[in-house]
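Shown next: input-v2.pdb, given as PDB, C-alpha atoms.
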```
ATOM      1  CA  MET A   1       0.000   0.000   0.000  1.00  0.00           C
ATOM      2  CA  SER A   2       1.592   3.306  -1.090  1.00  0.00           C
ATOM      3  CA  GLY A   3       1.617   6.437   1.034  1.00  0.00           C
ATOM      4  CA  VAL A   4      -0.764   9.353   0.596  1.00  0.00           C
ATOM      5  CA  PRO A   5       0.163  11.940  -2.048  1.00  0.00           C
ATOM      6  CA  VAL A   6       1.593  15.259  -0.855  1.00  0.00           C
ATOM      7  CA  ARG A   7       2.362  18.126  -3.227  1.00  0.00           C
ATOM      8  CA  LYS A   8       4.807  20.168  -1.197  1.00  0.00           C
ATOM      9  CA  ILE A   9       5.706  21.498   2.219  1.00  0.00           C
ATOM     10  CA  HIS A  10       2.887  23.992   2.644  1.00  0.00           C
ATOM     11  CA  HIS A  11       4.365  25.611   5.745  1.00  0.00           C
ATOM     12  CA  VAL A  12       6.266  25.188   8.957  1.00  0.00           C
ATOM     13  CA  GLY A  13       4.582  26.419  12.128  1.00  0.00           C
ATOM     14  CA  ILE A  14       6.528  28.571  14.598  1.00  0.00           C
ATOM     15  CA  VAL A  15       5.193  29.298  18.085  1.00  0.00           C
ATOM     16  CA  VAL A  16       5.891  32.881  19.198  1.00  0.00           C
ATOM     17  CA  GLU A  17       5.128  34.822  22.347  1.00  0.00           C
ATOM     18  CA  LYS A  18       3.662  37.819  20.526  1.00  0.00           C
ATOM     19  CA  LEU A  19       2.715  37.927  16.865  1.00  0.00           C
ATOM     20  CA  ASP A  20       3.406  41.651  16.574  1.00  0.00           C
ATOM     21  CA  ARG A  21       7.003  41.195  17.760  1.00  0.00           C
ATOM     22  CA  ALA A  22       7.507  38.252  15.402  1.00  0.00           C
ATOM     23  CA  TYR A  23       6.292  40.445  12.529  1.00  0.00           C
ATOM     24  CA  GLU A  24       9.208  42.800  13.183  1.00  0.00           C
ATOM     25  CA  PHE A  25      11.627  40.042  12.209  1.00  0.00           C
ATOM     26  CA  TYR A  26       9.822  37.784   9.727  1.00  0.00           C
ATOM     27  CA  ARG A  27       7.780  40.417   7.871  1.00  0.00           C
ATOM     28  CA  ASP A  28       9.692  43.676   8.345  1.00  0.00           C
ATOM     29  CA  THR A  29      13.331  42.518   8.407  1.00  0.00           C
ATOM     30  CA  LEU A  30      13.253  39.380   6.247  1.00  0.00           C
ATOM     31  CA  GLY A  31      10.612  40.914   4.004  1.00  0.00           C
ATOM     32  CA  LEU A  32       8.239  37.923   3.915  1.00  0.00           C
ATOM     33  CA  PRO A  33       4.821  39.104   2.655  1.00  0.00           C
ATOM     34  CA  LEU A  34       1.863  38.618   4.991  1.00  0.00           C
ATOM     35  CA  ILE A  35      -0.829  36.503   3.341  1.00  0.00           C
ATOM     36  CA  ARG A  36      -3.461  36.405   6.064  1.00  0.00           C
ATOM     37  CA  GLU A  37      -3.942  36.685   9.807  1.00  0.00           C
ATOM     38  CA  ALA A  38      -6.814  35.399  11.929  1.00  0.00           C
ATOM     39  CA  GLU A  39      -7.804  34.014  15.299  1.00  0.00           C
ATOM     40  CA  VAL A  40      -8.336  30.256  15.149  1.00  0.00           C
ATOM     41  CA  ARG A  41     -10.544  29.781  18.178  1.00  0.00           C
ATOM     42  CA  ASP A  42     -10.579  25.973  18.318  1.00  0.00           C
ATOM     43  CA  GLN A  43      -6.768  26.020  18.516  1.00  0.00           C
ATOM     44  CA  GLY A  44      -6.635  29.009  20.857  1.00  0.00           C
ATOM     45  CA  VAL A  45      -4.217  30.955  18.679  1.00  0.00           C
ATOM     46  CA  ARG A  46      -3.756  34.136  16.749  1.00  0.00           C
ATOM     47  CA  ALA A  47      -2.097  32.910  13.571  1.00  0.00           C
ATOM     48  CA  ALA A  48      -0.493  34.415  10.487  1.00  0.00           C
ATOM     49  CA  LEU A  49       0.816  32.993   7.219  1.00  0.00           C
ATOM     50  CA  LEU A  50       3.722  34.619   5.382  1.00  0.00           C
ATOM     51  CA  ALA A  51       4.952  33.685   1.895  1.00  0.00           C
ATOM     52  CA  ALA A  52       8.423  32.230   1.271  1.00  0.00           C
ATOM     53  CA  GLY A  53       8.595  31.188  -2.365  1.00  0.00           C
ATOM     54  CA  GLU A  54       6.092  28.398  -3.039  1.00  0.00           C
ATOM     55  CA  ASN A  55       5.958  27.675   0.695  1.00  0.00           C
ATOM     56  CA  GLU A  56       4.819  29.552   3.773  1.00  0.00           C
ATOM     57  CA  ILE A  57       5.755  30.226   7.367  1.00  0.00           C
ATOM     58  CA  GLU A  58       2.997  30.177   9.982  1.00  0.00           C
ATOM     59  CA  LEU A  59       3.390  32.206  13.169  1.00  0.00           C
ATOM     60  CA  LEU A  60       1.296  31.060  16.122  1.00  0.00           C
ATOM     61  CA  GLU A  61       0.619  33.152  19.220  1.00  0.00           C
ATOM     62  CA  PRO A  62      -1.337  31.383  21.984  1.00  0.00           C
ATOM     63  CA  ILE A  63      -4.281  33.442  23.212  1.00  0.00           C
ATOM     64  CA  VAL A  64      -6.065  30.828  25.350  1.00  0.00           C
ATOM     65  CA  ALA A  65      -4.547  29.183  28.425  1.00  0.00           C
ATOM     66  CA  GLY A  66      -4.303  25.392  28.556  1.00  0.00           C
ATOM     67  CA  THR A  67      -4.147  24.781  24.810  1.00  0.00           C
ATOM     68  CA  GLY A  68      -1.463  22.678  23.172  1.00  0.00           C
ATOM     69  CA  ILE A  69       0.233  25.772  21.723  1.00  0.00           C
ATOM     70  CA  GLU A  70       0.261  27.552  25.085  1.00  0.00           C
ATOM     71  CA  LYS A  71       1.684  24.457  26.802  1.00  0.00           C
ATOM     72  CA  PHE A  72       4.356  24.171  24.095  1.00  0.00           C
ATOM     73  CA  LEU A  73       5.416  27.782  24.668  1.00  0.00           C
ATOM     74  CA  LYS A  74       5.594  27.329  28.447  1.00  0.00           C
ATOM     75  CA  LYS A  75       7.599  24.106  28.193  1.00  0.00           C
ATOM     76  CA  ARG A  76       9.914  24.790  25.257  1.00  0.00           C
ATOM     77  CA  GLY A  77       9.739  28.487  24.522  1.00  0.00           C
ATOM     78  CA  GLU A  78       9.460  29.962  21.043  1.00  0.00           C
ATOM     79  CA  GLY A  79      10.451  27.800  18.090  1.00  0.00           C
ATOM     80  CA  LEU A  80       9.523  25.300  15.403  1.00  0.00           C
ATOM     81  CA  HIS A  81       6.271  23.533  16.250  1.00  0.00           C
ATOM     82  CA  HIS A  82       4.915  21.546  13.300  1.00  0.00           C
ATOM     83  CA  LEU A  83       5.400  20.624   9.655  1.00  0.00           C
ATOM     84  CA  CYS A  84       2.490  20.940   7.216  1.00  0.00           C
ATOM     85  CA  PHE A  85       2.179  18.996   3.957  1.00  0.00           C
ATOM     86  CA  GLU A  86      -0.247  20.068   1.252  1.00  0.00           C
ATOM     87  CA  THR A  87      -2.376  17.219  -0.076  1.00  0.00           C
ATOM     88  CA  PRO A  88      -5.143  17.304  -2.715  1.00  0.00           C
ATOM     89  CA  ASP A  89      -7.635  15.477  -0.483  1.00  0.00           C
ATOM     90  CA  VAL A  90      -7.117  15.668   3.259  1.00  0.00           C
ATOM     91  CA  ALA A  91     -10.134  13.455   4.003  1.00  0.00           C
ATOM     92  CA  GLY A  92      -8.869  10.776   1.626  1.00  0.00           C
ATOM     93  CA  ALA A  93      -5.387  11.115   3.114  1.00  0.00           C
ATOM     94  CA  LEU A  94      -6.739  10.466   6.602  1.00  0.00           C
ATOM     95  CA  SER A  95      -8.574   7.391   5.343  1.00  0.00           C
ATOM     96  CA  GLY A  96      -5.409   6.045   3.725  1.00  0.00           C
ATOM     97  CA  LEU A  97      -3.280   6.712   6.792  1.00  0.00           C
ATOM     98  CA  ARG A  98      -5.877   5.138   9.087  1.00  0.00           C
ATOM     99  CA  ALA A  99      -5.697   2.003   6.939  1.00  0.00           C
ATOM    100  CA  ARG A 100      -1.939   1.961   7.587  1.00  0.00           C
ATOM    101  CA  ALA A 101      -2.586   2.140  11.360  1.00  0.00           C
ATOM    102  CA  VAL A 102      -1.082   5.643  11.580  1.00  0.00           C
ATOM    103  CA  SER A 103      -2.133   7.401  14.800  1.00  0.00           C
ATOM    104  CA  LEU A 104      -4.304  10.425  14.071  1.00  0.00           C
ATOM    105  CA  ILE A 105      -5.076  13.422  16.273  1.00  0.00           C
ATOM    106  CA  ASP A 106      -7.934  14.475  13.994  1.00  0.00           C
ATOM    107  CA  GLN A 107     -10.213  11.720  12.711  1.00  0.00           C
ATOM    108  CA  THR A 108     -11.925  14.102  10.280  1.00  0.00           C
ATOM    109  CA  PRO A 109     -10.778  17.356   8.636  1.00  0.00           C
ATOM    110  CA  ARG A 110     -11.553  20.707  10.259  1.00  0.00           C
ATOM    111  CA  PRO A 111     -11.188  24.337   9.146  1.00  0.00           C
ATOM    112  CA  GLY A 112      -7.764  25.947   9.536  1.00  0.00           C
ATOM    113  CA  LEU A 113      -6.194  29.248   8.547  1.00  0.00           C
ATOM    114  CA  ALA A 114      -5.586  28.217   4.907  1.00  0.00           C
ATOM    115  CA  GLY A 115      -8.106  25.422   4.309  1.00  0.00           C
ATOM    116  CA  MET A 116      -9.193  22.054   5.661  1.00  0.00           C
ATOM    117  CA  ILE A 117      -6.631  20.536   7.995  1.00  0.00           C
ATOM    118  CA  ALA A 118      -5.917  17.495  10.147  1.00  0.00           C
ATOM    119  CA  PHE A 119      -3.037  16.604  12.473  1.00  0.00           C
ATOM    120  CA  LEU A 120      -1.231  13.284  12.801  1.00  0.00           C
ATOM    121  CA  HIS A 121       0.173  12.104  16.109  1.00  0.00           C
ATOM    122  CA  PRO A 122       3.950  12.563  16.502  1.00  0.00           C
ATOM    123  CA  ARG A 123       4.364   8.969  17.707  1.00  0.00           C
ATOM    124  CA  SER A 124       3.604   7.781  14.176  1.00  0.00           C
ATOM    125  CA  CYS A 125       5.819  10.404  12.489  1.00  0.00           C
ATOM    126  CA  ALA A 126       9.242   9.994  14.107  1.00  0.00           C
ATOM    127  CA  GLY A 127       8.327  12.416  16.910  1.00  0.00           C
ATOM    128  CA  ILE A 128       7.285  15.227  14.555  1.00  0.00           C
ATOM    129  CA  LEU A 129       3.860  16.865  14.643  1.00  0.00           C
ATOM    130  CA  ILE A 130       2.518  16.683  11.075  1.00  0.00           C
ATOM    131  CA  GLU A 131      -0.374  18.709   9.701  1.00  0.00           C
ATOM    132  CA  LEU A 132      -2.118  17.854   6.430  1.00  0.00           C
ATOM    133  CA  LEU A 133      -3.818  20.653   4.533  1.00  0.00           C
ATOM    134  CA  THR A 134      -6.044  20.969   1.490  1.00  0.00           C
ATOM    135  CA  PRO A 135      -6.139  24.709   0.654  1.00  0.00           C
ATOM    136  CA  THR A 136      -9.468  26.390  -0.032  1.00  0.00           C
ATOM    137  CA  GLU A 137      -7.813  28.929  -2.367  1.00  0.00           C
ATOM    138  CA  SER A 138      -5.558  28.467  -5.376  1.00  0.00           C
ATOM    139  CA  ALA A 139      -4.443  32.089  -5.796  1.00  0.00           C
ATOM    140  CA  PRO A 140      -0.710  32.507  -6.466  1.00  0.00           C
ATOM    141  CA  LEU A 141       1.411  33.541  -3.493  1.00  0.00           C
ATOM    142  CA  PRO A 142       2.861  37.057  -3.427  1.00  0.00           C
ATOM    143  CA  ALA A 143       6.484  37.426  -4.511  1.00  0.00           C
ATOM    144  CA  SER A 144       8.970  37.010  -1.681  1.00  0.00           C
ATOM    145  CA  PRO A 145      12.675  37.922  -1.419  1.00  0.00           C
ATOM    146  CA  LEU A 146      13.340  34.527   0.208  1.00  0.00           C
ATOM    147  CA  ARG A 147      12.226  30.985  -0.465  1.00  0.00           C
ATOM    148  CA  PHE A 148      12.491  27.634   1.249  1.00  0.00           C
ATOM    149  CA  LYS A 149      15.599  25.533   0.804  1.00  0.00           C
ATOM    150  CA  ARG A 150      15.083  22.753   3.333  1.00  0.00           C
ATOM    151  CA  LEU A 151      13.889  21.835   6.800  1.00  0.00           C
ATOM    152  CA  VAL A 152      16.444  19.951   8.880  1.00  0.00           C
ATOM    153  CA  LEU A 153      15.188  17.062  11.030  1.00  0.00           C
ATOM    154  CA  GLY A 154      17.328  15.463  13.730  1.00  0.00           C
ATOM    155  CA  ALA A 155      16.790  11.693  13.745  1.00  0.00           C
ATOM    156  CA  GLN A 156      17.897   8.881  16.024  1.00  0.00           C
ATOM    157  CA  ASP A 157      18.081   6.745  12.886  1.00  0.00           C
ATOM    158  CA  PRO A 158      17.801   8.766   9.638  1.00  0.00           C
ATOM    159  CA  ARG A 159      17.250   5.566   7.654  1.00  0.00           C
ATOM    160  CA  GLU A 160      14.247   4.573   9.806  1.00  0.00           C
ATOM    161  CA  THR A 161      12.834   8.102   9.750  1.00  0.00           C
ATOM    162  CA  SER A 162      13.156   8.118   5.960  1.00  0.00           C
ATOM    163  CA  ARG A 163      11.322   4.795   5.799  1.00  0.00           C
ATOM    164  CA  ILE A 164       8.480   6.203   7.903  1.00  0.00           C
ATOM    165  CA  PHE A 165       8.104   9.362   5.820  1.00  0.00           C
ATOM    166  CA  GLN A 166       8.338   7.512   2.530  1.00  0.00           C
ATOM    167  CA  GLY A 167       5.748   5.004   3.692  1.00  0.00           C
ATOM    168  CA  HIS A 168       3.289   7.580   4.995  1.00  0.00           C
ATOM    169  CA  PHE A 169       3.661  10.206   2.278  1.00  0.00           C
ATOM    170  CA  ALA A 170       5.080   8.490  -0.824  1.00  0.00           C
ATOM    171  CA  LEU A 171       8.227  10.619  -0.823  1.00  0.00           C
ATOM    172  CA  SER A 172      11.333   9.806  -2.824  1.00  0.00           C
ATOM    173  CA  GLU A 173      14.821   9.635  -1.341  1.00  0.00           C
ATOM    174  CA  GLN A 174      18.052  11.261  -2.397  1.00  0.00           C
ATOM    175  CA  ALA A 175      21.400  10.216  -0.918  1.00  0.00           C
ATOM    176  CA  VAL A 176      23.712  12.981   0.307  1.00  0.00           C
ATOM    177  CA  ASN A 177      27.370  12.344  -0.527  1.00  0.00           C
ATOM    178  CA  GLY A 178      27.078   8.714   0.464  1.00  0.00           C
ATOM    179  CA  GLY A 179      26.942   9.574   4.185  1.00  0.00           C
ATOM    180  CA  PRO A 180      24.382   9.139   6.960  1.00  0.00           C
ATOM    181  CA  ARG A 181      22.348  12.170   5.866  1.00  0.00           C
ATOM    182  CA  ILE A 182      19.237  11.577   3.742  1.00  0.00           C
ATOM    183  CA  MET A 183      17.369  14.102   1.600  1.00  0.00           C
ATOM    184  CA  LEU A 184      13.654  13.809   0.855  1.00  0.00           C
ATOM    185  CA  PRO A 185      12.899  16.297  -1.970  1.00  0.00           C
ATOM    186  CA  LEU A 186       9.400  17.734  -2.131  1.00  0.00           C
ATOM    187  CA  GLY A 187       8.529  20.407  -4.671  1.00  0.00           C
ATOM    188  CA  GLN A 188      11.215  23.092  -4.722  1.00  0.00           C
ATOM    189  CA  SER A 189      12.340  22.324  -1.165  1.00  0.00           C
ATOM    190  CA  ALA A 190      13.313  19.260   0.846  1.00  0.00           C
ATOM    191  CA  LEU A 191      13.530  17.555   4.212  1.00  0.00           C
ATOM    192  CA  LEU A 192      17.084  16.821   5.334  1.00  0.00           C
ATOM    193  CA  LEU A 193      17.406  13.989   7.852  1.00  0.00           C
ATOM    194  CA  VAL A 194      20.594  14.132   9.928  1.00  0.00           C
ATOM    195  CA  PRO A 195      21.922  12.031  12.839  1.00  0.00           C
ATOM    196  CA  LEU A 196      21.400  13.454  16.321  1.00  0.00           C
ATOM    197  CA  GLY A 197      25.145  13.813  16.815  1.00  0.00           C
ATOM    198  CA  GLU A 198      25.238  16.491  14.127  1.00  0.00           C
ATOM    199  CA  VAL A 199      22.558  18.632  15.775  1.00  0.00           C
ATOM    200  CA  GLY A 200      23.500  18.517  19.451  1.00  0.00           C
ATOM    201  CA  GLY A 201      21.324  15.519  20.222  1.00  0.00           C
ATOM    202  CA  ASN A 202      18.128  17.378  19.331  1.00  0.00           C
ATOM    203  CA  GLU A 203      15.398  15.221  17.774  1.00  0.00           C
ATOM    204  CA  GLY A 204      12.704  16.540  15.463  1.00  0.00           C
ATOM    205  CA  MET A 205      12.688  19.860  13.615  1.00  0.00           C
ATOM    206  CA  VAL A 206      15.981  21.581  14.383  1.00  0.00           C
ATOM    207  CA  ALA A 207      16.699  24.156  11.659  1.00  0.00           C
ATOM    208  CA  LEU A 208      15.220  25.958   8.674  1.00  0.00           C
ATOM    209  CA  SER A 209      17.213  26.938   5.583  1.00  0.00           C
ATOM    210  CA  LEU A 210      16.117  29.646   3.150  1.00  0.00           C
ATOM    211  CA  PHE A 211      17.441  31.017  -0.152  1.00  0.00           C
ATOM    212  CA  THR A 212      17.827  34.654  -1.151  1.00  0.00           C
ATOM    213  CA  ARG A 213      18.969  36.152  -4.448  1.00  0.00           C
ATOM    214  CA  ASP A 214      20.340  39.290  -2.782  1.00  0.00           C
ATOM    215  CA  LEU A 215      22.308  38.197   0.257  1.00  0.00           C
ATOM    216  CA  GLU A 216      24.132  41.491   0.722  1.00  0.00           C
ATOM    217  CA  ALA A 217      20.902  43.480   0.859  1.00  0.00           C
ATOM    218  CA  LEU A 218      19.513  41.006   3.395  1.00  0.00           C
ATOM    219  CA  ILE A 219      22.662  41.256   5.531  1.00  0.00           C
ATOM    220  CA  GLU A 220      22.322  45.034   5.504  1.00  0.00           C
ATOM    221  CA  ARG A 221      18.733  44.776   6.746  1.00  0.00           C
ATOM    222  CA  LEU A 222      19.674  42.246   9.419  1.00  0.00           C
ATOM    223  CA  GLU A 223      22.543  44.355  10.722  1.00  0.00           C
ATOM    224  CA  GLY A 224      20.351  47.453  10.635  1.00  0.00           C
ATOM    225  CA  ALA A 225      17.801  45.637  12.805  1.00  0.00           C
ATOM    226  CA  GLY A 226      20.502  44.579  15.270  1.00  0.00           C
ATOM    227  CA  VAL A 227      20.204  40.875  14.440  1.00  0.00           C
ATOM    228  CA  SER A 228      23.232  38.798  15.422  1.00  0.00           C
ATOM    229  CA  ILE A 229      24.584  36.910  12.394  1.00  0.00           C
ATOM    230  CA  LEU A 230      27.473  34.600  11.620  1.00  0.00           C
ATOM    231  CA  ARG A 231      28.727  35.157   8.088  1.00  0.00           C
ATOM    232  CA  GLY A 232      30.006  32.317   5.929  1.00  0.00           C
ATOM    233  CA  THR A 233      30.750  31.874   2.245  1.00  0.00           C
ATOM    234  CA  ASN A 234      27.556  32.922   0.483  1.00  0.00           C
ATOM    235  CA  GLU A 235      25.481  32.303   3.609  1.00  0.00           C
ATOM    236  CA  VAL A 236      24.559  33.607   7.041  1.00  0.00           C
ATOM    237  CA  THR A 237      23.476  31.821  10.201  1.00  0.00           C
ATOM    238  CA  LEU A 238      21.137  33.570  12.620  1.00  0.00           C
ATOM    239  CA  ALA A 239      21.027  32.859  16.337  1.00  0.00           C
ATOM    240  CA  PRO A 240      17.692  31.593  17.746  1.00  0.00           C
ATOM    241  CA  ASP A 241      17.440  34.523  20.161  1.00  0.00           C
ATOM    242  CA  SER A 242      17.036  36.794  17.112  1.00  0.00           C
ATOM    243  CA  THR A 243      14.616  34.549  15.176  1.00  0.00           C
ATOM    244  CA  HIS A 244      12.047  33.611  17.835  1.00  0.00           C
ATOM    245  CA  GLY A 245      13.677  30.301  18.673  1.00  0.00           C
ATOM    246  CA  VAL A 246      14.482  29.084  15.153  1.00  0.00           C
ATOM    247  CA  HIS A 247      17.949  28.012  13.996  1.00  0.00           C
ATOM    248  CA  LEU A 248      17.880  29.820  10.663  1.00  0.00           C
ATOM    249  CA  HIS A 249      20.349  29.567   7.777  1.00  0.00           C
ATOM    250  CA  ILE A 250      20.072  31.779   4.691  1.00  0.00           C
ATOM    251  CA  SER A 251      22.208  31.219   1.619  1.00  0.00           C
ATOM    252  CA  ARG A 252      22.622  32.900  -1.737  1.00  0.00           C
ATOM    253  CA  TYR A 253      20.610  31.425  -4.589  1.00  0.00           C
ATOM    254  CA  GLU A 254      22.131  31.786  -8.034  1.00  0.00           C
TER     255      GLU A 254
END
```

Take the structure in the file and write it out as structure tokens.
Amino acid sequence: MSGVPVRKIHHVGIVVEKLDRAYEFYRDTLGLPLIREAEVRDQGVRAALLAAGENEIELLEPIVAGTGIEKFLKKRGEGLHHLCFETPDVAGALSGLRARAVSLIDQTPRPGLAGMIAFLHPRSCAGILIELLTPTESAPLPASPLRFKRLVLGAQDPRETSRIFQGHFALSEQAVNGGPRIMLPLGQSALLLVPLGEVGGNEGMVALSLFTRDLEALIERLEGAGVSILRGTNEVTLAPDSTHGVHLHISRYE
């Protein structure tokens, strides 16, 4: 039985203390266009989606005590929260995953910020909270100065994590220089599975990489905003205390 079809990484969700403060970095400094903002009452959040190429970044501010997002913020602080795949039929995807004995948080789809959504339990997805989404709109995303490169996942066993993701979501695999790392391409971006020893023993979503065509202009904006950066060859690394808990790498795209 093959996995359910997914078109791309729709977005990664980032929990933040205050949406307005997160806007100062993600919208105003990085220049990511705001697509929409709304309160999602059943999740107890104020949420916003920003464009990053063909993908999006979702910012989540808890506004109700006792919700999963609020508990996440109290326990772990700001940072990467979930990974969302776009699928053409979220209800059909749930049916297919249920037949594979995948643990589901949502048994049926429900409305989300961008369409009909459902969450899968992390215990069936290598410890990662996965959201499935079928968008209600097909309008093109606004142009963005940055786009997704890859999402880095720390894995106890990258081979086993790859097997799980390929089985659930019918992803292909791409070897990386013959080493322990594994790439799972999806649309114009990818998931990069790396051993825990390479990411300080941290399991799950550990870093986000983006592309920019004008790295020097971005560096100027970052320095002007007082963001701490580490410059490399054609890339910069941003400390989590400047990015609302996200290990962020931005490289030049030619």

**OP:** Starting from the shown file, work through the PyMOL selection byres ((chain A and resi 179-195) around 8) and note down what comes out as a count of residues only.
**Re:** 30

Give as a PDB file with C-alpha atoms, in the frame of the given file the residues that the PyMOL selection byres ((chain A and resi 111) around 12) matches when applied to the coordinates above.
```
ATOM      1  CA  GLU A  39      -7.804  34.014  15.299  1.00  0.00           C
ATOM      2  CA  VAL A  40      -8.336  30.256  15.149  1.00  0.00           C
ATOM      3  CA  ARG A  41     -10.544  29.781  18.178  1.00  0.00           C
ATOM      4  CA  ASP A  42     -10.579  25.973  18.318  1.00  0.00           C
ATOM      5  CA  GLN A  43      -6.768  26.020  18.516  1.00  0.00           C
ATOM      6  CA  VAL A  90      -7.117  15.668   3.259  1.00  0.00           C
ATOM      7  CA  ASP A 106      -7.934  14.475  13.994  1.00  0.00           C
ATOM      8  CA  THR A 108     -11.925  14.102  10.280  1.00  0.00           C
ATOM      9  CA  PRO A 109     -10.778  17.356   8.636  1.00  0.00           C
ATOM     10  CA  ARG A 110     -11.553  20.707  10.259  1.00  0.00           C
ATOM     11  CA  GLY A 112      -7.764  25.947   9.536  1.00  0.00           C
ATOM     12  CA  LEU A 113      -6.194  29.248   8.547  1.00  0.00           C
ATOM     13  CA  ALA A 114      -5.586  28.217   4.907  1.00  0.00           C
ATOM     14  CA  GLY A 115      -8.106  25.422   4.309  1.00  0.00           C
ATOM     15  CA  MET A 116      -9.193  22.054   5.661  1.00  0.00           C
ATOM     16  CA  ILE A 117      -6.631  20.536   7.995  1.00  0.00           C
ATOM     17  CA  ALA A 118      -5.917  17.495  10.147  1.00  0.00           C
ATOM     18  CA  PHE A 119      -3.037  16.604  12.473  1.00  0.00           C
ATOM     19  CA  LEU A 132      -2.118  17.854   6.430  1.00  0.00           C
ATOM     20  CA  LEU A 133      -3.818  20.653   4.533  1.00  0.00           C
ATOM     21  CA  THR A 134      -6.044  20.969   1.490  1.00  0.00           C
ATOM     22  CA  PRO A 135      -6.139  24.709   0.654  1.00  0.00           C
ATOM     23  CA  THR A 136      -9.468  26.390  -0.032  1.00  0.00           C
TER      24      THR A 136
END
```

**OP:** State, in Å with one decimal place, the distance from atom CA of Pro145 of chain A to atom CA of Leu32 of chain A.
**Re:**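 Atom CA of Leu32 of chain A lies 6.9 Å from atom CA of Pro145 of chain A.
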
**OP:** In Å, rounded to a single decimal, give me how far atom CA of Val4 of chain A is from atom CA of Leu210 of chain A.
**Re:**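 So the answer is 26.5 Å.
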
Original post:
Could you pull the residues within 10 Å of Ser228 of chain A, counting all atoms listed in the file, minus those fewer than 5 positions along the same chain, as a list of chain:residue names?
Top reply: A:Leu222, A:Glu223, A:Val236, A:Thr237, A:Leu238, A:Ala239, A:Pro240, A:Asp241, A:Ser242, A:Thr243

Original post:
For the point (1.2, 23.1, 8.7) in file coordinates, what residues are within 8 Å, counting all atoms listed in the file? Give the answer as a ChimeraX atom specification?
Top reply: /A:10-13,58,82-85,130-133

Original post:
What residues come out when you apply the PyMOL selection byres ((chain A and resi 121) around 10) to this file, written as a VMD selection string?
Top reply: chain A and resid 102 to 106 119 to 120 122 to 131

**OP:** Tell me which protein, DNA and RNA residues are within 12 Å of Glu37 of chain A, counting all atoms listed in the file, leaving out same-chain ones fewer than 5 positions away, and put them as a list in words.
**Re:**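 Selected residues are Leu19, Asp20, Tyr23, Val45, Arg46, Ala47, Ala48, Leu49, Leu50, Ile57, Glu58, Leu59, Leu60, Glu61, Gly112, Leu113 and Ala114 of chain A.
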
Original post:
For Ala139 of chain A, which of A:Gly44, A:Glu220, A:Ile35, A:Ala52 is the closest residue, counting only C-alpha atoms?
Top reply: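 Selected residue with least distance to Ala139 of chain A: A:Ile35.
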
Original post:
Between A:Ile250, A:Val15, A:Ala22, A:Ala93, which has the minimum distance to Leu73 of chain A (counting only C-alpha atoms)?
Top reply: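 Once distances to Leu73 of chain A are computed over only C-alpha atoms, the minimum belongs to A:Val15.
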
Subject >> Atomic separation - atom CA of Val6 of chain A relative to atom CA of Phe169 of chain A, Å >> reply: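 Value for the atom CA of Phe169 of chain A-atom CA of Val6 of chain A distance: 6.3 Å.
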
Original post:
Using only C-alpha atoms, which residue out of A:Gly3, A:Arg163, A:Asn202, A:Glu70 lies closest to Thr87 of chain A?
Top reply: A:Gly3

Original post:
Between A:Ala101, A:Ile219, A:Ala65, A:Ile14, which is the closest to Ser251 of chain A once you count only C-alpha atoms?
Top reply: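 Of A:Ala101, A:Ile219, A:Ala65, A:Ile14, the one nearest Ser251 of chain A, counting only C-alpha atoms, is A:Ile219.
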
Original post:
Quick one: of A:Glu17, A:Glu56, A:Glu24, A:Asp214, who's nearest to Lys71 of chain A, counting only C-alpha atoms?
Top reply: A:Glu17

Subject >> Nearest residue to Pro142 of chain A from the set A:Ile63, A:Leu215, A:Gly31, A:Gly167 (distances using all atoms listed in the file) >> reply: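 The closest residue to Pro142 of chain A is A:Gly31.
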